[in-house]
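Asker: The structure follows.
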Amino acid sequence: MSPDLRYPALSDLKATCKRRVPWFVWEYLDSATGRESVKPRNRAELDKVLFRPAILRGAIVPDLSTRFLGQDYAMPVGVAPIGMSGLIWPGAEAALAGMAQGTRLPYCLSTVATRLPEEIGPIAGDMGWFQLYPPKDPAIRADILTRAHKAGFRVLVLTVDLPGPSRRERQLRAQLAIPPKLTPAMLWQIAQRPAWALGTLRHGQPRLRLMEDYLKLDGNAPSTAHPGYLLRAAPDWDYLHAVRALWEGPLVVKGVLDPQDADPLRAAGVDAIWVSNHGGRQFDGAPPALDALRQIRATLGPEMPLIYDGGIETGLDVLRALAFGANFTMMGRGWHYALGALGAQGGSHLAQILRDDMASNMMQMGITRPEQAATQGWAPSPAPES
Ligand SMILES: Cc1cc2nc3c(=O)[nH]c(=O)nc-3n(C[C@H](O)[C@H](O)[C@H](O)COP(=O)(O)O)c2cc1C
């Protein structure tokens with residue numbers, strides 16, 4: 001049976017994923033932080049964006065192709081960086097990088113992935129972006145950037161929205177440490193998920209391979225330190241300037257919500273701003289990312305490239321973010337729900353869902369190019385005066 005009949009929407013993939021990955025893995029992927037109010041807030045703001053439906057426009061042939069930061073992509077959506085991606089589904093990094101190369105969408109590899117840039121760069125080819133969590137040590141920072149560049153990653157994403165750890169209570173309850181230490185309860189959960197268990201046996205235990213390389217060389221690290229120890233930098237504007245000086249290609253800063261940060265980032269030579277509240281995983285008091293996007297676009301004017309993420313589930317959601325000022329969108333959890341449901345093939349099925357949904361909604365809106373979404377906004381009538 002065609003996957004489109006069994007899994008026509010991301011919600012089908014999500015429900016199936018939940019049945020196929022161990023509980024502690026599900027809690028890692030699906031959770032946010034605190035009372036988890038940011039996740040529904042992201043969703044609610046997307047749902048509020050409405051468009052004028054078109055009639056009598058004749059045949060509409062949507063063209064989703066998008067040029068962004070000097071590269072052509074098949075549509076304005078890509079794969080956001082997910083740490084420990086290979087824990088969520090065995091071989092996730094290679095599967096999604098391969099999907100991205102085949103489908104012509106950007107794939108962003110996390111610093112804390114379970115595969116090395118040298119392994120994933122050649123698979124992603126010209127679709128590869130690399131995300132940097134800031135290492136404390138400038139020598140490690142320079143070495144990581146050199147390795148990412150040599151491995152073929154073209155765009156660098158510096159994530160700045162982790163000034164300190166977040167509690168992520170669901171992960172604590174699931175006893176998940178990063179890197180994971182197996183407890184008897186986890187082994188029991190794994191035993192109930194044979195496809196995940198066999199895949200993990202084949203691919204090997206998920207580890208933070210890149211940071212492990214440096215931990216071996218760090219004589220000052222406490223003997224109990226885990227590889228994330230090296231990343232506990234508190235980056236400041238000087239840090240950003242240093243990264244800008246080191247990276248010749250496009251530089252994106254990820255995790256921006258405050259319009260007051262937008263102009264200084266542009267002045268610092270950043271090529272694109274990635275508006276994101278980290279999918280609600282860092283700060284439960286954060287505003288919905290779509291609100292921040294609208295304000296940041298208003299502050300910067302039309303030229304500065306903006307990326308949006310947070311709660312995107314459909315092609316229509318991509319158009320909603322574009323209508324509010326984004327030039328490109330990224331999705332995090334969704335691709336991993338797809339892998340959890342369908343294995344390595346999940347990514348291309350989800351890409352097809354997004355493509356078909358975006359094209360279908362563009363026809364309803366009477367537009368042929370995604371960026372025209374900005375002109376089709378529905379203005380609700382003002383509330384009657386009391
Ligand atoms: C399990 C998980 C791990 C993540 N790891 C990273 C990471 O390593 N680096 C990063 O910049 N963002 C990370 N993020 C945030 C995503 O890149 C992205 O901002 C977020 O998932 C977008 O929201 P969405 O999942 O609703 O699409 C992670 C998100 C999740 C769900």
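Going by the structure tokens order, chains are called A, B, ..., each with residues numbered from 1, while ligands are numbered from 1 in the order shown.
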Using only C-alpha atoms, which protein or nucleic acid residues come within 9 Å of Val253 (chain A)? Drop anything in the same chain fewer than 2 positions from it, and give the result as a list in words.
Answerer: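 Near neighbours after the sequence-gap exclusion: Leu156, Val157, Leu158, Thr159, Val160, Leu240, Leu251, Gly255, Val256, Leu265, Val270, Asp271, Ala272, Ile273, Trp274 and Val275 of chain A.
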Asker: Take the residues that were just selected and, keeping C-alpha atoms, output them as an mmCIF file, in the first residue's frame.
Answerer:
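Result saved to result-v2.cif:
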data_model
loop_
_atom_site.group_PDB
_atom_site.id
_atom_site.type_symbol
_atom_site.label_atom_id
_atom_site.label_comp_id
_atom_site.auth_asym_id
_atom_site.auth_seq_id
_atom_site.Cartn_x
_atom_site.Cartn_y
_atom_site.Cartn_z
ATOM 1 C CA LEU A 156 27.332 27.675 9.464
ATOM 2 C CA VAL A 157 24.578 28.023 12.082
ATOM 3 C CA LEU A 158 25.618 29.360 15.494
ATOM 4 C CA THR A 159 22.989 28.500 18.125
ATOM 5 C CA VAL A 160 22.784 31.165 20.829
ATOM 6 C CA LEU A 240 30.127 35.942 17.572
ATOM 7 C CA LEU A 251 26.712 32.552 8.811
ATOM 8 C CA GLY A 255 17.560 31.213 18.475
ATOM 9 C CA VAL A 256 16.697 34.905 18.096
ATOM 10 C CA LEU A 265 23.265 40.898 14.490
ATOM 11 C CA VAL A 270 25.467 37.744 10.118
ATOM 12 C CA ASP A 271 23.961 36.626 6.787
ATOM 13 C CA ALA A 272 20.630 35.341 8.115
ATOM 14 C CA ILE A 273 18.758 35.349 11.411
ATOM 15 C CA TRP A 274 17.000 32.156 12.509
ATOM 16 C CA VAL A 275 13.951 33.083 14.568
#
Asker: Could you name the residues that touch Trp237 (chain A) at 10 Å or less, counting only C-alpha atoms, but leaving out those on the same chain fewer than 3 positions away, as a PyMOL selection string?
Answerer: chain A and resi 240-243+264-265+268
Asker: Would you give me, as a Markdown table, each residue of chain A having an atom within 7 Å of an atom of ligand 1, along with its shortest atom pair and that distance in Å to one decimal, using only C-alpha atoms and all ligand atoms and sorting by chain and residue number?
Answerer:
| residue | atom | partner | partner_atom_place_in_ligand_line | distance |
| --- | --- | --- | --- | --- |
| A:Tyr28 | CA | ligand 1 | 1 (C) | 5.6 |
| A:Leu29 | CA | ligand 1 | 1 (C) | 4.1 |
| A:Asp30 | CA | ligand 1 | 31 (C) | 6.2 |
| A:Ala80 | CA | ligand 1 | 17 (O) | 4.4 |
| A:Pro81 | CA | ligand 1 | 17 (O) | 4.2 |
| A:Ile82 | CA | ligand 1 | 5 (N) | 3.5 |
| A:Gly83 | CA | ligand 1 | 8 (O) | 3.5 |
| A:Met84 | CA | ligand 1 | 3 (C) | 6.9 |
| A:Ser110 | CA | ligand 1 | 8 (O) | 4.7 |
| A:Thr111 | CA | ligand 1 | 8 (O) | 6.3 |
| A:Val112 | CA | ligand 1 | 8 (O) | 5.5 |
| A:Ala113 | CA | ligand 1 | 8 (O) | 6.9 |
| A:Gln131 | CA | ligand 1 | 11 (O) | 6.2 |
| A:Tyr133 | CA | ligand 1 | 9 (N) | 6.9 |
| A:Thr159 | CA | ligand 1 | 11 (O) | 5.0 |
| A:Lys254 | CA | ligand 1 | 11 (O) | 6.7 |
| A:Ser276 | CA | ligand 1 | 19 (O) | 5.8 |
| A:Asn277 | CA | ligand 1 | 19 (O) | 6.6 |
| A:His278 | CA | ligand 1 | 19 (O) | 3.9 |
| A:Gly279 | CA | ligand 1 | 23 (O) | 3.5 |
| A:Asp309 | CA | ligand 1 | 22 (C) | 5.0 |
| A:Gly310 | CA | ligand 1 | 23 (O) | 3.7 |
| A:Gly311 | CA | ligand 1 | 26 (O) | 3.6 |
| A:Ile312 | CA | ligand 1 | 27 (O) | 5.5 |
| A:Met330 | CA | ligand 1 | 27 (O) | 6.6 |
| A:Met331 | CA | ligand 1 | 27 (O) | 3.7 |
| A:Gly332 | CA | ligand 1 | 21 (O) | 3.7 |
| A:Arg333 | CA | ligand 1 | 25 (O) | 3.8 |
| A:Gly334 | CA | ligand 1 | 27 (O) | 6.2 |
Asker: Excluding Ser166 (chain A) and any residue of its chain fewer than 3 positions from it, enumerate the residues within 9 Å of it, using only C-alpha atoms, and give them as a PyMOL selection string.
Answerer: chain A and resi 33-34+162+169+281-283
Asker: What lies within 8 Å of Gly152 (chain A) using only C-alpha atoms, ignoring chain neighbours under 4 positions off, as an mmCIF file with C-alpha atoms, in the first residue's frame?
Answerer:
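What follows is the written file part-v3.cif:
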data_model
loop_
_atom_site.group_PDB
_atom_site.id
_atom_site.type_symbol
_atom_site.label_atom_id
_atom_site.label_comp_id
_atom_site.auth_asym_id
_atom_site.auth_seq_id
_atom_site.Cartn_x
_atom_site.Cartn_y
_atom_site.Cartn_z
ATOM 1 C CA GLY A 121 29.195 16.078 4.847
ATOM 2 C CA PRO A 122 29.768 13.945 1.741
ATOM 3 C CA GLY A 125 26.769 17.302 -0.486
ATOM 4 C CA ASP A 126 25.806 20.871 -1.380
ATOM 5 C CA GLY A 128 24.799 20.511 4.107
ATOM 6 C CA ALA A 148 33.081 21.228 8.934
#
Asker: Go through region 106-236 of chain A and collect every residue that DSSP, computed from the backbone, puts in helix (DSSP H, G or I); the answer should be as a count of residues only.
Answerer: 59
Asker: Skipping near chain neighbours, those fewer than 4 positions away, what residues fall within 9 Å of region 117-119 of chain A using only C-alpha atoms, listed as a VMD selection string?
Answerer: chain A and resid 94 109 111 113 123 130 144 147 to 148 150 to 153 210
Asker: Residues of the last selection are to be written out with C-alpha atoms, as an mmCIF file, in the first residue's frame.
Answerer:
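To be explicit, this is the file written out as result_23.cif:
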data_model
loop_
_atom_site.group_PDB
_atom_site.id
_atom_site.type_symbol
_atom_site.label_atom_id
_atom_site.label_comp_id
_atom_site.auth_asym_id
_atom_site.auth_seq_id
_atom_site.Cartn_x
_atom_site.Cartn_y
_atom_site.Cartn_z
ATOM 1 C CA ALA A 94 22.854 9.641 7.265
ATOM 2 C CA LEU A 109 23.994 18.609 11.238
ATOM 3 C CA THR A 111 27.464 19.633 16.912
ATOM 4 C CA ALA A 113 25.030 14.533 16.501
ATOM 5 C CA ILE A 123 26.236 12.494 1.995
ATOM 6 C CA PHE A 130 26.584 22.731 10.117
ATOM 7 C CA ILE A 144 35.581 22.134 14.392
ATOM 8 C CA ARG A 147 36.621 20.163 9.826
ATOM 9 C CA ALA A 148 33.081 21.228 8.934
ATOM 10 C CA LYS A 150 36.596 20.526 4.720
ATOM 11 C CA ALA A 151 33.697 18.072 5.006
ATOM 12 C CA GLY A 152 31.735 20.242 2.565
ATOM 13 C CA PHE A 153 29.325 22.139 4.860
ATOM 14 C CA LEU A 210 32.605 14.902 17.524
#
Asker: Just the residues within 9 Å of Leu246 (chain A), please, counting only C-alpha atoms, with nothing from its chain fewer than 5 positions along; format it as a ChimeraX atom specification.
Answerer: /A:142,145-146,241
Asker: Keeping N, CA and C atoms, export the residues of the selection given above as a PDB file, in the first residue's frame.
Answerer:
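Saved the output as out.pdb:
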ATOM      1  N   ALA A 142      38.057  26.533  16.434  1.00  0.00           N
ATOM      2  CA  ALA A 142      38.667  26.693  15.108  1.00  0.00           C
ATOM      3  C   ALA A 142      38.777  25.340  14.408  1.00  0.00           C
ATOM      4  N   LEU A 145      35.404  24.159  13.057  1.00  0.00           N
ATOM      5  CA  LEU A 145      34.987  24.900  11.860  1.00  0.00           C
ATOM      6  C   LEU A 145      35.805  24.461  10.645  1.00  0.00           C
ATOM      7  N   THR A 146      37.099  24.211  10.840  1.00  0.00           N
ATOM      8  CA  THR A 146      37.920  23.730   9.722  1.00  0.00           C
ATOM      9  C   THR A 146      37.414  22.369   9.245  1.00  0.00           C
ATOM     10  N   HIS A 241      31.756  37.650  16.946  1.00  0.00           N
ATOM     11  CA  HIS A 241      32.703  38.277  16.013  1.00  0.00           C
ATOM     12  C   HIS A 241      33.826  37.291  15.652  1.00  0.00           C
TER      13      HIS A 241
END
Asker: Excluding region 57-59 of chain A and its own-chain neighbours fewer than 6 positions away, which residues fall within 12 Å of it when counting only C-alpha atoms? Please give them as a PDB file with N, CA and C atoms, in the first residue's frame.
Answerer:
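What ended up in result31.pdb:
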ATOM      1  N   MET A 362      -1.244  26.467  -2.214  1.00  0.00           N
ATOM      2  CA  MET A 362      -0.958  27.613  -3.092  1.00  0.00           C
ATOM      3  C   MET A 362      -2.042  27.746  -4.162  1.00  0.00           C
ATOM      4  N   MET A 363      -2.561  26.599  -4.621  1.00  0.00           N
ATOM      5  CA  MET A 363      -3.664  26.674  -5.598  1.00  0.00           C
ATOM      6  C   MET A 363      -4.908  27.295  -4.960  1.00  0.00           C
ATOM      7  N   GLN A 364      -5.201  26.901  -3.723  1.00  0.00           N
ATOM      8  CA  GLN A 364      -6.378  27.500  -3.052  1.00  0.00           C
ATOM      9  C   GLN A 364      -6.200  29.009  -2.909  1.00  0.00           C
ATOM     10  N   MET A 365      -4.939  29.409  -2.729  1.00  0.00           N
ATOM     11  CA  MET A 365      -4.659  30.842  -2.512  1.00  0.00           C
ATOM     12  C   MET A 365      -4.471  31.593  -3.825  1.00  0.00           C
ATOM     13  N   GLY A 366      -4.357  30.841  -4.930  1.00  0.00           N
ATOM     14  CA  GLY A 366      -4.190  31.489  -6.230  1.00  0.00           C
ATOM     15  C   GLY A 366      -2.812  32.076  -6.435  1.00  0.00           C
ATOM     16  N   ILE A 367      -1.777  31.440  -5.842  1.00  0.00           N
ATOM     17  CA  ILE A 367      -0.415  31.959  -6.023  1.00  0.00           C
ATOM     18  C   ILE A 367       0.466  30.880  -6.657  1.00  0.00           C
ATOM     19  N   THR A 368       1.459  31.318  -7.392  1.00  0.00           N
ATOM     20  CA  THR A 368       2.348  30.357  -8.049  1.00  0.00           C
ATOM     21  C   THR A 368       3.707  30.286  -7.363  1.00  0.00           C
TER      22      THR A 368
END
Asker: Which one is closest to Met99 (chain A): A:Leu5, A:Ile120, A:Leu316, A:Leu69? Count only C-alpha atoms.
Answerer: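 Selected residue with least distance to Met99 (chain A): A:Ile120.
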Asker: Closest to Arg168 (chain A) among A:Glu248, A:Asp261, A:Asp143, A:Glu36, using only C-alpha atoms?
Answerer: A:Glu36
Asker: Would you give me, as a count of residues only, the residues in region 8-175 of chain A that DSSP reads as strand (DSSP E or B)?
Answerer: 23
Asker: Using only C-alpha atoms, which of A:Leu354, A:Ser31, A:Leu257, A:Thr183 sits nearest Leu306 (chain A)?
Answerer: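 Nearest candidate to Leu306 (chain A) out of A:Leu354, A:Ser31, A:Leu257, A:Thr183: A:Leu257.
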